[in-house]
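Right, one structure below, let's go through it.
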Protein chains: 4
Amino acid sequence: MATRRLICLEEYEEEARSILDRNTWGYYSPGAIAEYTLRDNLQAFNRYSIFPRVLVDVSLIDMSVRLLGDTIDMPIGISPTAMQCLAHPDGEKATARAAARMGTCLTLSSWSTTSIEEVAEHNGSHSLRWFQLYVYKDNNLTIDLVRRAEREGFKALVVTVDTPESGTRFPEKRNKFYLPPHLKLANFSDRDSTSLLISWGISLLFWDGIDWLRSITRLPIVLKGILRADDAREAMKHDIQGILVSNHGARQLDTVPAAIDALSGIVEAVKGSNIEVYLDSGIRHGTDVFKALALGARCVFIGRPVLWGLAVNGEEGVCEVLSILREEFRQAMVLSGTPNISSITKDLVMHRSHAKL
Amino acid sequence: MATRRLICLEEYEEEARSILDRNTWGYYSPGAIAEYTLRDNLQAFNRYSIFPRVLVDVSLIDMSVRLLGDTIDMPIGISPTAMQCLAHPDGEKATARAAARMGTCLTLSSWSTTSIEEVAEHNGSHSLRWFQLYVYKDNNLTIDLVRRAEREGFKALVVTVDTPESGTRFPEKRNKFYLPPHLKLANFSDRDSTSLLISWGISLLFWDGIDWLRSITRLPIVLKGILRADDAREAMKHDIQGILVSNHGARQLDTVPAAIDALSGIVEAVKGSNIEVYLDSGIRHGTDVFKALALGARCVFIGRPVLWGLAVNGEEGVCEVLSILREEFRQAMVLSGTPNISSITKDLVMHRSHAKL
Amino acid sequence: MATRRLICLEEYEEEARSILDRNTWGYYSPGAIAEYTLRDNLQAFNRYSIFPRVLVDVSLIDMSVRLLGDTIDMPIGISPTAMQCLAHPDGEKATARAAARMGTCLTLSSWSTTSIEEVAEHNGSHSLRWFQLYVYKDNNLTIDLVRRAEREGFKALVVTVDTPESGTRFPEKRNKFYLPPHLKLANFSDRDSTSLLISWGISLLFWDGIDWLRSITRLPIVLKGILRADDAREAMKHDIQGILVSNHGARQLDTVPAAIDALSGIVEAVKGSNIEVYLDSGIRHGTDVFKALALGARCVFIGRPVLWGLAVNGEEGVCEVLSILREEFRQAMVLSGTPNISSITKDLVMHRSHAKL
Amino acid sequence: MATRRLICLEEYEEEARSILDRNTWGYYSPGAIAEYTLRDNLQAFNRYSIFPRVLVDVSLIDMSVRLLGDTIDMPIGISPTAMQCLAHPDGEKATARAAARMGTCLTLSSWSTTSIEEVAEHNGSHSLRWFQLYVYKDNNLTIDLVRRAEREGFKALVVTVDTPESGTRFPEKRNKFYLPPHLKLANFSDRDSTSLLISWGISLLFWDGIDWLRSITRLPIVLKGILRADDAREAMKHDIQGILVSNHGARQLDTVPAAIDALSGIVEAVKGSNIEVYLDSGIRHGTDVFKALALGARCVFIGRPVLWGLAVNGEEGVCEVLSILREEFRQAMVLSGTPNISSITKDLVMHRSHAKL
Ligand SMILES: Cc1cc2nc3c(=O)[nH]c(=O)nc-3n(C[C@H](O)[C@H](O)[C@H](O)COP(=O)(O)O)c2cc1C
Ligand SMILES: Cc1cc2nc3c(=O)[nH]c(=O)nc-3n(C[C@H](O)[C@H](O)[C@H](O)COP(=O)(O)O)c2cc1C
Ligand SMILES: Cc1cc2nc3c(=O)[nH]c(=O)nc-3n(C[C@H](O)[C@H](O)[C@H](O)COP(=O)(O)O)c2cc1C
Ligand SMILES: Cc1cc2nc3c(=O)[nH]c(=O)nc-3n(C[C@H](O)[C@H](O)[C@H](O)COP(=O)(O)O)c2cc1C
């Protein structure tokens, strides 16, 4: 495979940039406004040092983790990203097959260009898949999505809470981003779709909306986009099962903290509860995964890197991207003396400003 | 309108730079000496992170604020900048009309190229306007300006206290900045004007000058340019109504703190009093406005961005600049879960060096 | 000698880069993954300031130090680097002769392209040499190496503990680094060599492996690659004699701390014991040596700079590189008022973040 | 005068660089080794913010200060720099006349290319001049210099203590810096001069050398080059009158602290004594002067900027450089509300890391 020459996620990014058209790249790549947080999402990881442990038996590395009761092969899942057919004709189908092959968790965006049903089929019956949900004003619309996700074997609902409206990304505005006519938001009727959805706004979702959602489904609920400790504490009152610490890949509000900088506050807030904490936003290297886990995340997720893999090489490309990250993470475990996930403890990572010098 | 393609204040700056002549740009753009504070005014905002609150009802956003008893539609006012006819033939008239249309507070510079009376007429009878005052050695000159401002419906006197003399800006010096012959300082007789004013120096204003001013007018007094907490405490003894925390857009003394870094000290100093605190210097994005308000400012003001709007598109351009900032600020409110100004509390913003990591 | 025009280590680096082929340079120069720690290894030294003492008698500078009982002329030794014949046909022989001429300690890599016996011969009978050891699964292989080192007058075993497997360096991967056919790993039979060694993995070494090694030899043992204080405390239980604080020149796990930043923690951990602490990784200037000593290292070692010297000018080049560093260090002693090594105390160096300003 | 177009010290630097030959520029401009401290000397000032006071009477600005009993017109003196005839044929004579015209203190280097006697003549009978002294092994050489300085009306001896040998500056080495044959070290006999001095080393000066010097002259003694608080405390035991906090313009040991960062420690150490504290190294702007004074220096001195002025325009150029700095400092006083030197108190300046945000 030609793309095997690409050896890190940054190279996939460069390659994808050269392949994708302006309209698509202007939608996939940017962060909000001045992109301060976009840069910070990456740089923040460097502000944490790993202090590796030596002379530990690392001959057998076990990367598997349990997410809400299901085991996956590595703590690197796929975040929901909308409209993947912009990246490659196989779009969400390719991603679903890649997730299955790599033994990890797929999160499907509500705004996919492939239907829930088709994605489930391509992901297969043995794979772990979650469904990302925006809760709409029209309850029936939401109920319909939930029922279909349940029916198609999605194991959790990832409710995105940082998007009362879409953030401002200049390239999108400059290009007047549009979904090309041959693609559509495949989970909605034409009536509800695109223009409707967008103009109508995404949601008016409050805590009682979470309670309502809880009342209509038994699926575990993961809140995606919490950055404040007090919001995490509030979440503990609402029978939710997970929190995905995320700033939406820096696409919503500029100058919010890097996800990794917000993580410890959330982990501490829910300590003692059963809520699982995950993280996305800015994961590009195995050491990033390692640091997030050391600071208390159970699993990380990646957004854009999957789109780069798709663009470069479809299903294969997504597998390659996940393989690179898995291999880098495996090596971080080996070189840090941590043969399994539970040995990745907090004392292995220190914020540079805390170093005793 | 062609300029609708400009989508952020930085683009207005670039466009203005390409339109204005060297003499004008060399007066509008620079900061003092090595421009350390000029850069810091912008960068400092990035050192504060917003921790957005989620799952709050933000369907109705109310941006209105009361300034000294008058309500305006958004907490983004216009700082006084001298000689606006350099930017556009309509100069202060255009700005006055734009402020009225946008429902915000106009502060007119003493050194305007349009007279107090004309500006009032173009601003209209329903708009909030303040008059910026330098207090001159010659009491009669000052009294005359105050009386005219009172008569023309200006609702406060903004006394600039950071300008015992004009700061040093190298481009001004290199260009030997001059007011072109077809323009004049419209609030002064020819005798008092330009060369006179400049050579004669601006003022010798001390605290007893403030008391004198207090004694001759009932208009509220706002001190513009305070950066020290002890000066703010002193101000509390002198029956003044507002403090505009400002470093004059970094045009006076280089290496003074960014306005946003000085804000908290002032807010704390006047706590318990009725003094309102505002901020200008370096506001370029909606998140900057949000942070200033979270840290205790009641309203922010902008200087140069108005000049860029004027240069690019006259009255329309000023409206566009204000609209962009209002829209960015509205979105910051939506995405932070703060439907009105009083919900923008201090805990939503944290200095990066204070983050608990 | 033409190369006398090169006046600092950075110039040797530039010259070596222009001389060596892509395959060799791609092996010698890189750090792991994104090379964050590679850069940090150098920059970290600048974060420590020297506060020089004045009016001290520095007419006689004594740079000699004792390492595990043997005295060398300066506290700047040579770290083990593999395959030196890639840099120059004389390879390890040249380095061995240079170390002898400069009166310093040579550490020979297990993976040398010259045999233990030949190196000993060129190093001579009066010089201090140590042997770097990877401990292999196959005990006989290890025992064989230890016996040969003992027989050839090596005075300590430097056991590298940060390399359960080799780190990832992108240039090596891109170039598919190979040892050219005319060279071989000279300490191993052909059967055991290159491909074997590499595929087979380096080692599975735990603390009990250290005890085993202790049981088969009386040579002092130095653990190379410890960065954690708790690992240093563990080491105190295992009858080892030295710790070389090192991140392997940033070649193993990216984003580990700079060696100099990890030093104080280790020094404090072993205080009170007889364990000697050394440092390598990033030493490029005399002030770097000075700071490491002030913070508690007994001696520093250099890796890449020796390779640069070799590439530029063989034995002479290695002498030149060591001479430059010795001369810079001597001057740092003179200008800091420290005539001998024991006068280089902790109070002479302060981390910038601790400065009382 | 053509050079009046140059409006800040940085422009004099650029102009001088274009005028001077490689040999001279390679001697004047560099800092030691990697020039970390050279850059830090300038940047450090930016890490201190001025918090200006407003509404103070600054109509009369008094910049005069007393140095060891003599009054000068401004707290900006001239540091000793060797061999000024390299910059301009008039060399030290021009500098001496400029110092007199500007009413400030001249410090003459021992290694001047103009004799003590000639410099005194050009400086005139009403000016304050100090003599910089290296103390030589040969007491007679030192005594001779002291007697001549006394006789010629120099009012203090500035004993440089940071130069047991000359630092390493790469451009000097690359150019093999030499004093051109038409110039000579004018205070020494040919026998003692250049090569002699240089090879012979500068000095072996300890605290008892200071006592000896004290015993042979009644002139006040200023120690130049102290950076440590304990050295300052030691100095208090030796009947010296002043300390010039300096890192020799970053020319001696690289990575020592910026002078301004060392100042507070020294000021605090000598508090309660009569020792006056001064500062040089990195002063380029009026705000730098202001900060040094706020942090406790009585006066600052400049080294390289005088050489730039000399190179650009001889005596006039030196006056211009001093005038620019004086004018910038005057303005800093005006804009900070400090009409005289004693009002420049510590609370006006804050290190950025101490800011209460
Ligand atoms: C092009 C794009 C589309 C996205 N669409 C969605 C979406 O539909 N729903 C959602 O919750 N998050 C969406 N996200 C956010 C991602 O789920 C994820 O939080 C983010 O991409 C993580 O940051 P990373 O890209 O740095 O890995 C999208 C992100 C991108 C880049
Ligand atoms: C060209 C220009 C002219 C100004 N004229 C005045 C003035 O006449 N009176 C005054 O108080 N401030 C004046 N200011 C300062 C502004 O009121 C305001 O404090 C500053 O521009 C805010 O910073 P900003 O430009 O970054 O928004 C002027 C600023 C500029 C850029
Ligand atoms: C090309 C190269 C080969 C190396 N080979 C070995 C080795 O065989 N054994 C070992 O313990 N360390 C090895 N190292 C690490 C060095 O011993 C040393 O820790 C490192 O180079 C110090 O950092 P510096 O290069 O910045 O001085 C090697 C380093 C380099 C650059
Ligand atoms: C070219 C040059 C020559 C110098 N010669 C001397 C000298 O002879 N004696 C001395 O005490 N300091 C000497 N100095 C140091 C200066 O006195 C002073 O400490 C330094 O220049 C201050 O830093 P600045 O150049 O940043 O102002 C010299 C500095 C330079 C740049």
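Residues in the structure tokens are numbered from 1 in each chain, the chains being A, B, ... in the order shown, and ligands are numbered from 1 in the order shown.
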
Original post:
Mind listing as a VMD selection string which residues of chain D are within 9 Å of chain C, counting only C-alpha atoms?
Top reply: chain D and resid 33 to 34 36 161 to 168 170 173 to 174 204 to 210 225 to 228 230 to 231 252 to 257 260 to 265 351 354

Residues of chain B that have any atom at most 6 Å from an atom of ligand 2: could you tabulate them with the shortest-distance atom pair and the distance in Å to one decimal, using only C-alpha atoms and all ligand atoms, ordered by chain and increasing number, as JSON lines?
{"residue": "B:Tyr27", "atom": "CA", "partner": "ligand 2", "partner_atom_place_in_ligand_line": "1 (C)", "distance": 5.8}
{"residue": "B:Tyr28", "atom": "CA", "partner": "ligand 2", "partner_atom_place_in_ligand_line": "1 (C)", "distance": 3.8}
{"residue": "B:Ser79", "atom": "CA", "partner": "ligand 2", "partner_atom_place_in_ligand_line": "17 (O)", "distance": 4.4}
{"residue": "B:Pro80", "atom": "CA", "partner": "ligand 2", "partner_atom_place_in_ligand_line": "17 (O)", "distance": 4.2}
{"residue": "B:Thr81", "atom": "CA", "partner": "ligand 2", "partner_atom_place_in_ligand_line": "5 (N)", "distance": 3.5}
{"residue": "B:Ala82", "atom": "CA", "partner": "ligand 2", "partner_atom_place_in_ligand_line": "8 (O)", "distance": 4.1}
{"residue": "B:Ser109", "atom": "CA", "partner": "ligand 2", "partner_atom_place_in_ligand_line": "8 (O)", "distance": 4.6}
{"residue": "B:Trp111", "atom": "CA", "partner": "ligand 2", "partner_atom_place_in_ligand_line": "8 (O)", "distance": 5.4}
{"residue": "B:Thr160", "atom": "CA", "partner": "ligand 2", "partner_atom_place_in_ligand_line": "11 (O)", "distance": 4.9}
{"residue": "B:Ser246", "atom": "CA", "partner": "ligand 2", "partner_atom_place_in_ligand_line": "19 (O)", "distance": 5.7}
{"residue": "B:His248", "atom": "CA", "partner": "ligand 2", "partner_atom_place_in_ligand_line": "19 (O)", "distance": 3.6}
{"residue": "B:Gly249", "atom": "CA", "partner": "ligand 2", "partner_atom_place_in_ligand_line": "23 (O)", "distance": 3.2}
{"residue": "B:Asp280", "atom": "CA", "partner": "ligand 2", "partner_atom_place_in_ligand_line": "22 (C)", "distance": 4.9}
{"residue": "B:Ser281", "atom": "CA", "partner": "ligand 2", "partner_atom_place_in_ligand_line": "23 (O)", "distance": 3.2}
{"residue": "B:Gly282", "atom": "CA", "partner": "ligand 2", "partner_atom_place_in_ligand_line": "26 (O)", "distance": 3.6}
{"residue": "B:Ile283", "atom": "CA", "partner": "ligand 2", "partner_atom_place_in_ligand_line": "27 (O)", "distance": 5.6}
{"residue": "B:Ile302", "atom": "CA", "partner": "ligand 2", "partner_atom_place_in_ligand_line": "27 (O)", "distance": 3.9}
{"residue": "B:Gly303", "atom": "CA", "partner": "ligand 2", "partner_atom_place_in_ligand_line": "21 (O)", "distance": 3.5}
{"residue": "B:Arg304", "atom": "CA", "partner": "ligand 2", "partner_atom_place_in_ligand_line": "25 (O)", "distance": 3.8}

Print the selection's residues with N, CA, C and O atoms to a file, as a JSON list (two decimals), in the first residue's frame.
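Printed below is again.json as written:
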[["chain", "number", "residue", "atom", "x", "y", "z"],
["B", 27, "TYR", "N", -0.13, 57.52, 12.28],
["B", 27, "TYR", "CA", -0.74, 58.10, 13.48],
["B", 27, "TYR", "C", -1.69, 57.11, 14.15],
["B", 27, "TYR", "O", -1.70, 56.96, 15.37],
["B", 28, "TYR", "N", -2.46, 56.39, 13.37],
["B", 28, "TYR", "CA", -3.49, 55.49, 13.93],
["B", 28, "TYR", "C", -2.92, 54.22, 14.55],
["B", 28, "TYR", "O", -3.39, 53.75, 15.58],
["B", 79, "SER", "N", -14.59, 54.09, 22.00],
["B", 79, "SER", "CA", -13.63, 54.95, 22.70],
["B", 79, "SER", "C", -13.36, 56.19, 21.87],
["B", 79, "SER", "O", -13.49, 56.17, 20.65],
["B", 80, "PRO", "N", -12.93, 57.26, 22.55],
["B", 80, "PRO", "CA", -12.63, 58.48, 21.80],
["B", 80, "PRO", "C", -11.34, 58.33, 21.00],
["B", 80, "PRO", "O", -10.31, 57.93, 21.55],
["B", 81, "THR", "N", -11.40, 58.60, 19.73],
["B", 81, "THR", "CA", -10.16, 58.69, 18.94],
["B", 81, "THR", "C", -10.19, 59.99, 18.16],
["B", 81, "THR", "O", -11.20, 60.35, 17.55],
["B", 82, "ALA", "N", -9.08, 60.67, 18.20],
["B", 82, "ALA", "CA", -9.00, 62.00, 17.62],
["B", 82, "ALA", "C", -9.05, 61.97, 16.10],
["B", 82, "ALA", "O", -8.70, 60.97, 15.48],
["B", 109, "SER", "N", -14.05, 62.33, 21.01],
["B", 109, "SER", "CA", -12.78, 62.94, 21.42],
["B", 109, "SER", "C", -12.88, 64.46, 21.40],
["B", 109, "SER", "O", -13.51, 65.03, 20.52],
["B", 111, "TRP", "N", -10.57, 66.22, 20.55],
["B", 111, "TRP", "CA", -9.80, 66.61, 19.37],
["B", 111, "TRP", "C", -10.42, 66.08, 18.10],
["B", 111, "TRP", "O", -9.74, 65.57, 17.21],
["B", 160, "THR", "N", -9.57, 62.12, 30.44],
["B", 160, "THR", "CA", -8.40, 61.28, 30.17],
["B", 160, "THR", "C", -7.27, 61.70, 31.10],
["B", 160, "THR", "O", -6.84, 62.85, 31.10],
["B", 246, "SER", "N", -7.60, 51.50, 31.12],
["B", 246, "SER", "CA", -7.11, 51.68, 29.75],
["B", 246, "SER", "C", -5.64, 52.01, 29.79],
["B", 246, "SER", "O", -5.15, 52.66, 30.72],
["B", 248, "HIS", "N", -4.61, 53.47, 26.99],
["B", 248, "HIS", "CA", -4.63, 54.37, 25.83],
["B", 248, "HIS", "C", -4.21, 53.61, 24.56],
["B", 248, "HIS", "O", -3.49, 54.14, 23.72],
["B", 249, "GLY", "N", -4.62, 52.37, 24.49],
["B", 249, "GLY", "CA", -4.23, 51.58, 23.32],
["B", 249, "GLY", "C", -2.73, 51.44, 23.18],
["B", 249, "GLY", "O", -2.21, 51.32, 22.08],
["B", 280, "ASP", "N", -10.89, 49.54, 28.02],
["B", 280, "ASP", "CA", -10.55, 49.49, 26.60],
["B", 280, "ASP", "C", -9.09, 49.10, 26.46],
["B", 280, "ASP", "O", -8.41, 48.88, 27.45],
["B", 281, "SER", "N", -8.64, 48.96, 25.22],
["B", 281, "SER", "CA", -7.26, 48.60, 24.85],
["B", 281, "SER", "C", -7.13, 47.11, 24.50],
["B", 281, "SER", "O", -7.04, 46.26, 25.38],
["B", 282, "GLY", "N", -7.15, 46.85, 23.22],
["B", 282, "GLY", "CA", -6.86, 45.51, 22.74],
["B", 282, "GLY", "C", -8.06, 44.62, 22.46],
["B", 282, "GLY", "O", -7.88, 43.46, 22.08],
["B", 283, "ILE", "N", -9.26, 45.14, 22.64],
["B", 283, "ILE", "CA", -10.46, 44.32, 22.35],
["B", 283, "ILE", "C", -10.55, 44.09, 20.84],
["B", 283, "ILE", "O", -10.64, 45.03, 20.06],
["B", 302, "ILE", "N", -13.93, 50.26, 22.18],
["B", 302, "ILE", "CA", -12.91, 50.01, 21.16],
["B", 302, "ILE", "C", -12.45, 51.30, 20.51],
["B", 302, "ILE", "O", -13.24, 52.22, 20.29],
["B", 303, "GLY", "N", -11.15, 51.39, 20.26],
["B", 303, "GLY", "CA", -10.57, 52.58, 19.64],
["B", 303, "GLY", "C", -10.26, 52.34, 18.17],
["B", 303, "GLY", "O", -11.06, 52.66, 17.29],
["B", 304, "ARG", "N", -9.12, 51.73, 17.89],
["B", 304, "ARG", "CA", -8.69, 51.57, 16.49],
["B", 304, "ARG", "C", -9.69, 50.85, 15.60],
["B", 304, "ARG", "O", -9.87, 51.25, 14.44]]

Original post:
Which polymer residues have any atom within 12 Å of an atom of Leu223 of chain D, counting only C-alpha atoms, with same-chain residues fewer than 5 positions away left out, as JSON, numbers by chain?
Top reply: {"C": [54, 55], "D": [131, 132, 133, 134, 135, 156, 157, 158, 159, 160, 161, 162, 163, 205, 206, 207, 210, 213, 214, 231, 232, 234, 235, 236, 238, 239, 240, 241, 242, 243, 244, 245, 246, 275, 276, 277, 278, 279]}

For those residues, write N, CA, C and O atoms to a file as a short mmCIF file (atom, residue, chain, number, x, y, z; two decimals), in the first residue's frame.
data_model
loop_
_atom_site.label_atom_id
_atom_site.label_comp_id
_atom_site.auth_asym_id
_atom_site.auth_seq_id
_atom_site.Cartn_x
_atom_site.Cartn_y
_atom_site.Cartn_z
N VAL C 54 32.60 36.31 42.87
CA VAL C 54 33.75 37.11 42.43
C VAL C 54 34.83 37.18 43.50
O VAL C 54 34.62 36.79 44.66
N LEU C 55 35.97 37.63 43.11
CA LEU C 55 37.10 37.91 44.01
C LEU C 55 37.58 36.66 44.76
O LEU C 55 37.94 36.72 45.93
N PHE D 131 37.25 56.39 37.19
CA PHE D 131 38.25 55.61 36.47
C PHE D 131 38.04 54.12 36.75
O PHE D 131 38.01 53.70 37.90
N GLN D 132 37.93 53.35 35.65
CA GLN D 132 37.75 51.90 35.80
C GLN D 132 39.12 51.25 35.89
O GLN D 132 40.01 51.51 35.09
N LEU D 133 39.24 50.37 36.86
CA LEU D 133 40.55 49.81 37.15
C LEU D 133 40.51 48.29 37.14
O LEU D 133 39.61 47.67 37.71
N TYR D 134 41.47 47.68 36.43
CA TYR D 134 41.77 46.29 36.70
C TYR D 134 42.97 46.32 37.64
O TYR D 134 43.89 47.13 37.44
N VAL D 135 42.97 45.48 38.64
CA VAL D 135 44.10 45.43 39.57
C VAL D 135 45.06 44.36 39.08
O VAL D 135 44.67 43.21 38.88
N ALA D 156 36.24 58.52 41.50
CA ALA D 156 36.05 57.20 42.09
C ALA D 156 36.80 56.18 41.25
O ALA D 156 37.10 56.42 40.07
N LEU D 157 37.12 55.06 41.90
CA LEU D 157 37.73 53.94 41.18
C LEU D 157 36.67 52.86 41.02
O LEU D 157 36.07 52.41 42.01
N VAL D 158 36.43 52.48 39.78
CA VAL D 158 35.47 51.42 39.49
C VAL D 158 36.28 50.15 39.24
O VAL D 158 36.91 50.00 38.20
N VAL D 159 36.28 49.27 40.21
CA VAL D 159 37.11 48.08 40.12
C VAL D 159 36.28 46.94 39.54
O VAL D 159 35.28 46.52 40.14
N THR D 160 36.69 46.48 38.39
CA THR D 160 35.93 45.44 37.70
C THR D 160 36.29 44.09 38.31
O THR D 160 37.45 43.68 38.29
N VAL D 161 35.30 43.40 38.84
CA VAL D 161 35.57 42.16 39.57
C VAL D 161 35.07 40.91 38.85
O VAL D 161 35.23 39.80 39.36
N ASP D 162 34.47 41.09 37.68
CA ASP D 162 33.93 39.92 36.98
C ASP D 162 34.84 39.43 35.86
O ASP D 162 34.41 38.66 35.00
N THR D 163 36.11 39.85 35.91
CA THR D 163 36.98 39.57 34.78
C THR D 163 38.32 38.98 35.21
O THR D 163 39.38 39.53 34.86
N LEU D 205 42.73 39.04 41.56
CA LEU D 205 42.24 40.00 42.54
C LEU D 205 41.29 39.30 43.49
O LEU D 205 40.33 38.68 43.06
N PHE D 206 41.60 39.37 44.80
CA PHE D 206 40.70 38.79 45.79
C PHE D 206 40.28 39.89 46.74
O PHE D 206 40.66 41.05 46.58
N TRP D 207 39.53 39.49 47.75
CA TRP D 207 39.04 40.52 48.68
C TRP D 207 40.19 41.25 49.35
O TRP D 207 40.09 42.47 49.60
N ILE D 210 41.27 44.13 47.42
CA ILE D 210 40.40 45.30 47.61
C ILE D 210 40.87 46.08 48.85
O ILE D 210 40.94 47.32 48.84
N LEU D 213 43.93 47.97 47.99
CA LEU D 213 43.60 49.15 47.19
C LEU D 213 43.06 50.25 48.10
O LEU D 213 43.45 51.42 47.98
N ARG D 214 42.18 49.84 49.01
CA ARG D 214 41.61 50.78 49.99
C ARG D 214 42.73 51.48 50.76
O ARG D 214 42.64 52.69 51.04
N ASP D 231 27.99 38.01 47.87
CA ASP D 231 29.15 38.84 47.53
C ASP D 231 28.90 40.31 47.94
O ASP D 231 29.82 41.00 48.39
N ALA D 232 27.66 40.74 47.79
CA ALA D 232 27.34 42.11 48.20
C ALA D 232 27.48 42.25 49.72
O ALA D 232 27.98 43.27 50.21
N GLU D 234 29.46 40.46 51.59
CA GLU D 234 30.90 40.46 51.84
C GLU D 234 31.49 41.85 51.58
O GLU D 234 32.32 42.34 52.35
N ALA D 235 31.02 42.47 50.51
CA ALA D 235 31.54 43.79 50.15
C ALA D 235 31.35 44.79 51.28
O ALA D 235 32.18 45.68 51.50
N MET D 236 30.25 44.63 52.03
CA MET D 236 29.97 45.57 53.12
C MET D 236 31.05 45.54 54.19
O MET D 236 31.17 46.48 54.98
N HIS D 238 34.22 45.57 53.55
CA HIS D 238 35.51 46.00 53.00
C HIS D 238 35.59 47.49 52.67
O HIS D 238 36.39 47.87 51.81
N ASP D 239 34.78 48.27 53.31
CA ASP D 239 34.87 49.72 53.13
C ASP D 239 34.86 50.12 51.65
O ASP D 239 35.74 50.86 51.19
N ILE D 240 33.89 49.61 50.94
CA ILE D 240 33.73 50.09 49.57
C ILE D 240 32.48 50.96 49.54
O ILE D 240 31.62 50.88 50.43
N GLN D 241 32.36 51.80 48.50
CA GLN D 241 31.29 52.80 48.50
C GLN D 241 30.16 52.52 47.52
O GLN D 241 29.06 53.06 47.66
N GLY D 242 30.46 51.68 46.54
CA GLY D 242 29.39 51.44 45.55
C GLY D 242 29.50 50.06 44.94
O GLY D 242 30.56 49.42 44.96
N ILE D 243 28.36 49.58 44.45
CA ILE D 243 28.32 48.32 43.70
C ILE D 243 27.61 48.59 42.38
O ILE D 243 26.50 49.12 42.37
N LEU D 244 28.30 48.26 41.30
CA LEU D 244 27.67 48.36 39.99
C LEU D 244 27.23 46.95 39.58
O LEU D 244 28.05 46.12 39.20
N VAL D 245 25.93 46.70 39.74
CA VAL D 245 25.38 45.40 39.34
C VAL D 245 25.47 45.31 37.81
O VAL D 245 24.93 46.17 37.10
N SER D 246 26.13 44.31 37.34
CA SER D 246 26.47 44.25 35.91
C SER D 246 26.84 42.83 35.55
O SER D 246 27.43 42.12 36.36
N ILE D 275 26.27 51.92 51.06
CA ILE D 275 26.72 51.55 49.72
C ILE D 275 25.67 51.92 48.68
O ILE D 275 24.49 51.63 48.84
N GLU D 276 26.14 52.61 47.66
CA GLU D 276 25.24 52.97 46.56
C GLU D 276 25.24 51.84 45.53
O GLU D 276 26.26 51.23 45.27
N VAL D 277 24.06 51.57 44.97
CA VAL D 277 23.94 50.50 43.98
C VAL D 277 23.60 51.11 42.62
O VAL D 277 22.72 51.95 42.51
N TYR D 278 24.35 50.68 41.60
CA TYR D 278 24.09 51.12 40.22
C TYR D 278 23.86 49.89 39.37
O TYR D 278 24.06 48.77 39.82
N LEU D 279 23.48 50.10 38.13
CA LEU D 279 23.26 48.96 37.22
C LEU D 279 23.70 49.31 35.81
O LEU D 279 23.49 50.43 35.34
#

**OP:** Check the DSSP output for the backbone and give back, as a list in words, the residues of segment 2-63 of chain B in strand (DSSP E or B).
**Re:**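 Taking segment 2-63 of chain B and keeping strand (DSSP E or B) only, one gets Tyr48, Ser49, Ile50 and Asp62 of chain B.
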
Subject >> Nearest residue to Arg151 of chain A from the set A:Asn175, A:Ser112, A:Asn23, A:Thr217 (distances using only C-alpha atoms) >> reply: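 Of the candidates, the smallest distance to Arg151 of chain A is held by A:Thr217.
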
**OP:** Find the distance between atom CA of Leu219 of chain B and atom CA of Thr142 of chain B and write it in Å to one decimal.
**Re:** 13.9 Å

Original post:
Where does DSSP see alpha helix (DSSP H) in segment 57-304 of chain D, if you list the residues as a PyMOL selection string?
Top reply: chain D and resi 91-102+116-123+139-151+170-175+194-200+207-216+229-235+259-270+286-294+304

Subject >> Shell around Val318 of chain B at 9 Å using only C-alpha atoms, local window under 5 positions removed, as a ChimeraX atom specification >> reply: /B:94-95,98-99,305-313,323
